[in-house]
Structure formats: C-alpha cells, structure tokens
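Listing of final16.pdb, PDB, C-alpha atoms
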ATOM      1  CA  MET A 162       1.054 -16.178   2.337
ATOM      2  CA  LYS A 163       3.626 -16.938  -0.296
ATOM      3  CA  ASN A 164       7.270 -15.998  -0.028
ATOM      4  CA  LEU A 165       8.649 -14.677  -3.313
ATOM      5  CA  ARG A 166      11.932 -13.188  -4.460
ATOM      6  CA  ILE A 167      11.696 -10.236  -6.860
ATOM      7  CA  THR A 168      14.724  -8.796  -8.640
ATOM      8  CA  VAL A 169      14.638  -5.115  -9.583
ATOM      9  CA  ASN A 170      17.589  -3.643 -11.468
ATOM     10  CA  GLY A 171      19.810  -6.489 -10.310
ATOM     11  CA  THR A 172      18.846  -6.217  -6.615
ATOM     12  CA  ALA A 173      16.904  -9.132  -5.116
ATOM     13  CA  TYR A 174      14.080  -8.486  -2.623
ATOM     14  CA  ASP A 175      12.321 -11.152  -0.557
ATOM     15  CA  VAL A 176       8.606 -10.381  -0.210
ATOM     16  CA  GLN A 177       5.501 -12.026   1.234
ATOM     17  CA  VAL A 178       2.353 -12.055  -0.886
ATOM     18  CA  GLU A 179      -1.138 -12.914   0.310
ATOM     19  CA  GLU A 180      -3.541 -14.556  -2.129
ATOM     20  CA  LEU A 181      -6.989 -13.020  -1.745
ATOM     21  CA  GLY A 182      -8.991 -14.806  -4.432
ATOM     22  CA  GLU A 183     -10.305 -13.605  -7.781
ATOM     23  CA  SER A 184     -13.094 -11.273  -6.573
ATOM     24  CA  ALA A 185     -11.200  -9.524  -3.772
ATOM     25  CA  ALA A 186      -9.470  -6.215  -4.428
ATOM     26  CA  PRO A 187      -5.725  -6.119  -3.743
ATOM     27  CA  ALA A 188      -4.819  -4.656  -0.365
ATOM     28  CA  ALA A 189      -1.774  -2.546   0.387
ATOM     29  CA  ALA A 190       0.605  -3.941   2.986
ATOM     30  CA  PRO A 191       0.335  -1.923   6.200
ATOM     31  CA  ALA A 192       3.337   0.241   6.972
ATOM     32  CA  PRO A 193       5.032  -0.359  10.319
ATOM     33  CA  ALA A 194       3.561   1.903  12.979
ATOM     34  CA  LYS A 195       5.875   4.686  14.161
ATOM     35  CA  ALA A 196       5.255   7.629  16.381
ATOM     36  CA  ALA A 197       5.335  10.544  13.948
ATOM     37  CA  PRO A 198       6.579  13.965  14.938
ATOM     38  CA  ALA A 199       4.035  16.767  14.877
ATOM     39  CA  ALA A 200       3.287  18.326  11.495
ATOM     40  CA  LYS A 201       4.660  21.789  10.768
ATOM     41  CA  PRO A 202       2.346  24.690  11.653
ATOM     42  CA  ALA A 203       0.187  26.490   9.103
ATOM     43  CA  ALA A 204       1.275  29.686   7.383
ATOM     44  CA  PRO A 205       0.473  32.950   9.169
ATOM     45  CA  ALA A 206      -2.727  33.413   7.143
ATOM     46  CA  GLY A 207      -4.060  30.342   8.954
ATOM     47  CA  LYS A 208      -6.413  29.237   6.196
ATOM     48  CA  LYS A 209      -6.245  26.092   4.157
ATOM     49  CA  GLY A 210      -4.891  26.329   0.612
ATOM     50  CA  GLY A 211      -7.059  25.824  -2.421
ATOM     51  CA  VAL A 212      -4.792  23.194  -4.032
ATOM     52  CA  GLU A 213      -4.293  19.926  -2.155
ATOM     53  CA  ILE A 214      -1.264  17.813  -3.067
ATOM     54  CA  LYS A 215      -1.962  14.209  -2.117
ATOM     55  CA  ALA A 216       0.201  11.121  -1.673
ATOM     56  CA  PRO A 217       0.292   9.124  -4.915
ATOM     57  CA  MET A 218       0.931   5.880  -3.007
ATOM     58  CA  PRO A 219       1.155   4.528   0.525
ATOM     59  CA  GLY A 220       4.600   4.867   2.076
ATOM     60  CA  THR A 221       6.722   6.723   4.595
ATOM     61  CA  VAL A 222       7.597  10.408   4.384
ATOM     62  CA  VAL A 223      11.401  10.545   4.265
ATOM     63  CA  ASN A 224      11.841  14.264   3.625
ATOM     64  CA  VAL A 225       9.745  17.444   3.642
ATOM     65  CA  VAL A 226      11.549  20.130   1.662
ATOM     66  CA  VAL A 227       9.082  23.028   1.947
ATOM     67  CA  ASP A 228       7.762  25.190   4.762
ATOM     68  CA  PRO A 229       4.510  27.154   5.103
ATOM     69  CA  GLY A 230       4.798  30.538   3.412
ATOM     70  CA  GLN A 231       7.418  29.330   0.911
ATOM     71  CA  ALA A 232       6.878  30.158  -2.774
ATOM     72  CA  VAL A 233       7.164  27.187  -5.153
ATOM     73  CA  LYS A 234       7.225  26.801  -8.928
ATOM     74  CA  SER A 235       5.515  24.083 -10.947
ATOM     75  CA  GLY A 236       7.658  20.938 -10.759
ATOM     76  CA  ASP A 237       9.459  21.854  -7.509
ATOM     77  CA  ASP A 238       9.926  18.994  -5.026
ATOM     78  CA  LEU A 239       7.650  19.265  -1.982
ATOM     79  CA  VAL A 240       7.868  15.912  -0.166
ATOM     80  CA  PHE A 241       9.683  12.606  -0.709
ATOM     81  CA  ILE A 242       7.859   9.327   0.012
ATOM     82  CA  GLU A 243       9.600   5.975   0.337
ATOM     83  CA  ALA A 244       7.741   2.877  -0.802
ATOM     84  CA  MET A 245       9.345  -0.489  -1.514
ATOM     85  CA  LYS A 246      12.840   0.952  -0.883
ATOM     86  CA  MET A 247      12.387   3.623  -3.562
ATOM     87  CA  GLU A 248      12.100   7.352  -2.867
ATOM     88  CA  THR A 249       9.496   9.169  -4.941
ATOM     89  CA  PRO A 250       9.366  12.966  -5.082
ATOM     90  CA  VAL A 251       5.951  14.631  -4.867
ATOM     91  CA  LYS A 252       6.139  17.772  -6.983
ATOM     92  CA  ALA A 253       4.180  21.013  -7.120
ATOM     93  CA  PRO A 254       1.549  20.814  -9.884
ATOM     94  CA  GLN A 255       1.610  24.615 -10.359
ATOM     95  CA  ASP A 256       3.230  27.803  -9.108
ATOM     96  CA  GLY A 257       2.004  28.937  -5.706
ATOM     97  CA  THR A 258       2.681  29.491  -2.035
ATOM     98  CA  VAL A 259       2.738  26.684   0.531
ATOM     99  CA  VAL A 260      -0.124  27.254   2.966
ATOM    100  CA  THR A 261       0.096  24.095   5.093
ATOM    101  CA  VAL A 262       2.375  21.091   5.437
ATOM    102  CA  GLU A 263       0.168  18.253   6.672
ATOM    103  CA  VAL A 264       2.886  15.602   7.237
ATOM    104  CA  ALA A 265       6.212  15.218   8.994
ATOM    105  CA  LYS A 266       9.360  13.211   8.303
ATOM    106  CA  GLY A 267       8.928   9.594   9.401
ATOM    107  CA  GLU A 268       5.131   9.634   9.130
ATOM    108  CA  ALA A 269       3.398   6.705   7.405
ATOM    109  CA  VAL A 270       0.865   7.898   4.829
ATOM    110  CA  ASP A 271      -1.862   6.202   2.813
ATOM    111  CA  SER A 272      -2.515   6.853  -0.849
ATOM    112  CA  GLY A 273      -4.614  10.012  -1.181
ATOM    113  CA  LYS A 274      -3.481  11.578   2.104
ATOM    114  CA  VAL A 275      -3.108  15.365   1.800
ATOM    115  CA  LEU A 276       0.589  16.193   2.133
ATOM    116  CA  VAL A 277       0.741  19.929   1.335
ATOM    117  CA  THR A 278      -1.743  22.659   0.407
ATOM    118  CA  LEU A 279      -0.946  25.555  -1.926
ATOM    119  CA  ASN A 280      -2.590  28.867  -2.808
TER     120      ASN A 280
END
File written out as structure tokens:
Amino acid sequence: MKNLRITVNGTAYDVQVEELGESAAPAAAPAPAKAAPAAKPAAPAGKKGGVEIKAPMPGTVVNVVVDPGQAVKSGDDLVFIEAMKMETPVKAPQDGTVVTVEVAKGEAVDSGKVLVTLN
C-alpha cells in the first residue's frame, strides 16, 4: 500500500493505493459495511419494470428521490450516489413510471447494481 495525497479543486485528500502488478485488473476499494434499511416496496402492479437503471459506479446511496408509482421524465433525478466525497445523480434515461426502488438511503452499492426499474 502506498499513501498518496490527491488535490481536487483545491481540496487535498489522503488516499491509500495498492499496487497490483501489470497484469492484474484494478479493484475497487470496498465500501464500509453498514446495515442498510429495507428497500421501498414495489408498485401496486407488483411486476418488475422493463427498464433497469443501474449504478454507474460503486458508492453509497445518499438519497432516493422517487417512489414506486411515481411518473418521471427523461433526465429527472432518481437516486444520488456518493463516491469519493462527490454526489452523483442517477437520472431517468426516458419518460416512464417507477415500478420498483431496489435500494435504500445508506446502502452500499456496486457498479451495475439495479437501483430503480421503470415501465
């Protein structure tokens, strides 16, 4: 492990970096384990939506701004994920209705985890 200091927009961050060698793929740092609250229930229809919105990166869910049954427009915020002290909004790729919310505030997610499904 190497200790490094990285400055982003004038703010310094101390980080630890593990050298894996040339042939190894980079690994994401594991998020601290937390007991996550239960995910919100599915919409009354009870079936899974046809459009899955997935986490673009590993991180922690800091806010869920939609509920099952809610209509959304393309570009609306659905969930906010914090990674490396930055909050990233996950937006609706198209108009639709939220069918399920698969995550809860405070939950650690991996890249590719389904966050919300839409019809």
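Minimum distance to A:Met247 across A:Gly171, A:Val223, A:Glu180, A:Thr278 (counting all atoms listed in the file) occurs at A:Val223.
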Need the shell around A:Thr258: protein/DNA/RNA residues with any atom at most 7 Å away, counting all atoms listed in the file. Skip same-chain ones fewer than 4 positions apart. Format as JSON, numbers by chain? {"A": [230, 231, 232, 233, 279, 280]}
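Take the PyMOL selection byres ((chain A and resi 236-242) around 6) and apply it to this file: it picks Gly220, Thr221, Val222, Val223, Asn224, Val225, Val226, Val227, Lys234, Ser235, Glu243, Glu248, Thr249, Pro250, Val251, Lys252 and Ala253 of chain A.
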How far is it from atom CA of A:Asp256 to atom CA of A:Asp228, in Å with one decimal? 14.8 Å
In terms of all atoms listed in the file, the residue from A:Lys215, A:Lys246, A:Lys266, A:Lys274 at minimal distance from A:Thr172 is A:Lys246
One decimal, in Å: what's the spacing between atom CA of A:Gln177 and atom CA of A:Leu165? 6.1 Å
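For the choices A:Gly211, A:Met245, A:Pro219, A:Gly273, the atom-to-atom distance to A:Asp175 is smallest for A:Met245 when using only C-alpha atoms.
Atom CA of A:Leu181 sits 23.5 Å away from atom CA of A:Pro217.
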Centre and edges of the stretch 223-227 of chain A box, axis-aligned, 8 Å extra per side, as JSON:
{"center_x": 10.5, "center_y": 16.8, "center_z": 3.0, "size_x": 18.8, "size_y": 28.5, "size_z": 18.6}
So which residues are close to (1.6, -15.7, 3.5), meaning at most 8 Å away in the file's coordinates with only C-alpha atoms counted, and can you show them as JSON, numbers by chain? {"A": [162, 163, 164, 177, 178, 179, 180]}
Scan for residues within 10 Å of the point (-8.7, 19.2, 3.4) in the coordinates of the file, using only C-alpha atoms, and reply as a ChimeraX atom specification. /A:209-214,263,274-278
